[in-house]
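Source file: coords04.pdb; contents: PDB, C-alpha atoms, pLDDT in the B column.
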```pdb
MODEL        1
ATOM      1  CA  MET E   1     -20.670  77.077  -8.907  1.00 82.00           C
ATOM      2  CA  ASN E   2     -21.492  75.427 -12.210  1.00 89.00           C
ATOM      3  CA  SER E   3     -24.492  73.378 -13.299  1.00 92.00           C
ATOM      4  CA  PHE E   4     -23.757  69.959 -14.753  1.00 95.00           C
ATOM      5  CA  ILE E   5     -26.005  67.301 -16.252  1.00 95.00           C
ATOM      6  CA  ILE E   6     -25.196  63.904 -14.793  1.00 96.00           C
ATOM      7  CA  VAL E   7     -26.035  60.928 -17.027  1.00 97.00           C
ATOM      8  CA  MET E   8     -26.403  57.643 -15.153  1.00 97.00           C
ATOM      9  CA  ALA E   9     -27.534  54.156 -16.108  1.00 97.00           C
ATOM     10  CA  CYS E  10     -31.223  53.747 -15.327  1.00 95.00           C
ATOM     11  CA  ALA E  11     -31.584  52.077 -11.929  1.00 93.00           C
ATOM     12  CA  THR E  12     -34.868  50.415 -12.883  1.00 94.00           C
ATOM     13  CA  CYS E  13     -33.587  48.469 -15.910  1.00 94.00           C
ATOM     14  CA  GLU E  14     -29.878  48.614 -14.973  1.00 94.00           C
ATOM     15  CA  GLY E  15     -29.091  50.449 -18.207  1.00 95.00           C
ATOM     16  CA  SER E  16     -30.563  47.894 -20.616  1.00 95.00           C
ATOM     17  CA  GLY E  17     -33.604  49.970 -21.579  1.00 96.00           C
ATOM     18  CA  VAL E  18     -35.766  46.841 -21.338  1.00 96.00           C
ATOM     19  CA  ARG E  19     -37.832  45.355 -18.519  1.00 93.00           C
ATOM     20  CA  GLU E  20     -39.038  41.778 -18.309  1.00 91.00           C
ATOM     21  CA  ILE E  21     -42.694  41.612 -17.277  1.00 89.00           C
ATOM     22  CA  GLN E  22     -44.286  38.442 -15.936  1.00 90.00           C
ATOM     23  CA  THR E  23     -47.536  37.757 -17.774  1.00 91.00           C
ATOM     24  CA  GLY E  24     -48.294  34.318 -16.342  1.00 91.00           C
ATOM     25  CA  VAL E  25     -46.955  31.721 -13.951  1.00 91.00           C
ATOM     26  CA  ALA E  26     -44.012  30.885 -16.194  1.00 90.00           C
ATOM     27  CA  THR E  27     -44.381  33.368 -19.066  1.00 94.00           C
ATOM     28  CA  PHE E  28     -42.630  36.678 -19.505  1.00 92.00           C
ATOM     29  CA  ARG E  29     -42.425  39.380 -22.144  1.00 93.00           C
ATOM     30  CA  GLU E  30     -39.982  42.197 -22.665  1.00 93.00           C
ATOM     31  CA  SER E  31     -41.071  45.817 -22.794  1.00 94.00           C
ATOM     32  CA  ASP E  32     -39.316  49.176 -22.949  1.00 96.00           C
ATOM     33  CA  CYS E  33     -38.492  50.445 -19.481  1.00 95.00           C
ATOM     34  CA  GLN E  34     -41.095  53.021 -18.485  1.00 93.00           C
ATOM     35  CA  THR E  35     -38.677  54.876 -16.217  1.00 94.00           C
ATOM     36  CA  CYS E  36     -36.168  55.754 -18.962  1.00 95.00           C
ATOM     37  CA  ASP E  37     -38.416  55.268 -22.034  1.00 95.00           C
ATOM     38  CA  GLY E  38     -36.105  52.552 -23.325  1.00 95.00           C
ATOM     39  CA  THR E  39     -32.943  54.677 -23.427  1.00 96.00           C
ATOM     40  CA  GLY E  40     -31.227  52.929 -20.528  1.00 96.00           C
ATOM     41  CA  GLU E  41     -30.185  56.306 -19.141  1.00 97.00           C
ATOM     42  CA  GLY E  42     -31.396  58.750 -16.543  1.00 95.00           C
ATOM     43  CA  THR E  43     -30.277  62.365 -16.273  1.00 95.00           C
ATOM     44  CA  PHE E  44     -30.422  65.048 -13.644  1.00 92.00           C
ATOM     45  CA  THR E  45     -28.886  68.487 -13.180  1.00 93.00           C
ATOM     46  CA  VAL E  46     -26.718  69.475 -10.233  1.00 90.00           C
ATOM     47  CA  ALA E  47     -25.480  72.991  -9.546  1.00 81.00           C
ATOM     48  CA  THR E  48     -23.068  72.428  -6.707  1.00 88.00           C
ATOM     49  CA  TYR E  49     -19.704  71.800  -8.326  1.00 92.00           C
ATOM     50  CA  GLY E  50     -16.829  74.018  -9.331  1.00 92.00           C
ATOM     51  CA  SER E  51     -15.659  71.664 -12.089  1.00 93.00           C
ATOM     52  CA  ARG E  52     -16.444  68.407 -13.892  1.00 94.00           C
ATOM     53  CA  ALA E  53     -13.654  66.735 -11.944  1.00 95.00           C
ATOM     54  CA  ASP E  54     -15.382  67.695  -8.681  1.00 94.00           C
ATOM     55  CA  ALA E  55     -18.663  66.230  -9.935  1.00 94.00           C
ATOM     56  CA  ARG E  56     -16.878  63.062 -11.121  1.00 95.00           C
ATOM     57  CA  GLU E  57     -15.623  62.501  -7.561  1.00 95.00           C
ATOM     58  CA  ASP E  58     -19.227  62.227  -6.317  1.00 94.00           C
ATOM     59  CA  TYR E  59     -20.528  60.359  -9.394  1.00 95.00           C
ATOM     60  CA  PRO E  60     -17.711  57.977 -10.404  1.00 96.00           C
ATOM     61  CA  ASN E  61     -20.156  55.630 -12.189  1.00 95.00           C
ATOM     62  CA  ALA E  62     -21.733  58.366 -14.310  1.00 96.00           C
ATOM     63  CA  LEU E  63     -21.895  57.546 -18.012  1.00 96.00           C
ATOM     64  CA  ALA E  64     -21.272  61.222 -18.778  1.00 96.00           C
ATOM     65  CA  ILE E  65     -21.056  64.596 -17.077  1.00 96.00           C
ATOM     66  CA  LEU E  66     -22.120  67.371 -19.430  1.00 94.00           C
TER
ENDMDL
END
```
The structure given in the file should be rewritten as structure tokens.
Amino acid sequence: MNSFIIVMACATCEGSGVREIQTGVATFRESDCQTCDGTGEGTFTVATYGSRADAREDYPNALAIL
């Protein structure tokens, strides 16, 4: 089995890298997403696939499989 790094859009900010934070009743400000540090991406390593194509079957929405 091979190890692959799966790159996905950040689930917290939906890949934008920015979160809108409510600071008052009707006021908001934008801030870098703390989950992905403003990159819009999240990565994790999996070691259960024989090939990239096998990994792609389980992660069809991955931005990249490295």
- [ ] Using CA of Ser51 (chain E) and CA of Ala64 (chain E) as the two end points, give the distance in Å to one decimal.
- [x]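 Interatomic distance, CA of Ser51 (chain E) to CA of Ala64 (chain E): 13.6 Å.
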Open item on the list: Just to confirm, what's the straight-line distance from CA of Gly38 (chain E) to CA of Ala53 (chain E) in Å (one decimal)?
Closed with: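 Separation between CA of Gly38 (chain E) and CA of Ala53 (chain E): 28.9 Å.
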Task: Nearest to Tyr59 (chain E) by atom-to-atom distance, counting only C-alpha atoms, from E:Gly24, E:Asp37, E:Gly17, E:Val7 - done: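 Among the listed residues, the smallest separation from Tyr59 (chain E) belongs to E:Val7.
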Mind listing whatever residues come within 7 Å of the point (-20.2, 73.5, -15.8)? Use only C-alpha atoms, file coordinates, and give them as a CSV table (one decimal) with C-alpha atoms, in the coordinates of the input.
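This is the output file part_10.csv:
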```csv
chain,number,residue,atom,x,y,z
E,2,ASN,CA,-21.5,75.4,-12.2
E,3,SER,CA,-24.5,73.4,-13.3
E,4,PHE,CA,-23.8,70.0,-14.8
E,51,SER,CA,-15.7,71.7,-12.1
E,52,ARG,CA,-16.4,68.4,-13.9
```
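Atom to atom, CA of Ala62 (chain E) and CA of Met8 (chain E) stand 4.8 Å apart.
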Task: Who sits within 8 Å of Ser31 (chain E), only C-alpha atoms, same chain under 4 positions skipped, as number ranges by chain - done: E: 18-21
Write a file of the selected residues as a compact mmCIF listing (two decimals), keeping the file's coordinate frame, keeping C-alpha atoms.
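Okay, again_34.txt is ready:
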```txt
# COMPACT_ATOMS: atom_id res chain seq x y z
CA VAL E 18 -35.77 46.84 -21.34
CA ARG E 19 -37.83 45.36 -18.52
CA GLU E 20 -39.04 41.78 -18.31
CA ILE E 21 -42.69 41.61 -17.28
```
Task: Shortest interatomic distance to Thr35 (chain E) - which of E:Met1, E:Ala47, E:Ile65, E:Ala9, counting only C-alpha atoms - done: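 Among E:Met1, E:Ala47, E:Ile65, E:Ala9, it is E:Ala9 that comes nearest to Thr35 (chain E).
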TODO: Spell out the residues picked by the PyMOL selection byres ((chain E and resi 11) around 9) here, as a list of chain:residue names.
DONE: E:Met8, E:Ala9, E:Cys10, E:Thr12, E:Cys13, E:Glu14, E:Gly15, E:Thr35, E:Gly40, E:Glu41, E:Gly42
Task: Using all atoms listed in the file: which of E:Glu30, E:Thr23, E:Glu57, E:Leu66 has the shortest distance to Thr45 (chain E) - done: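 Smallest distance to Thr45 (chain E) is found for E:Leu66.
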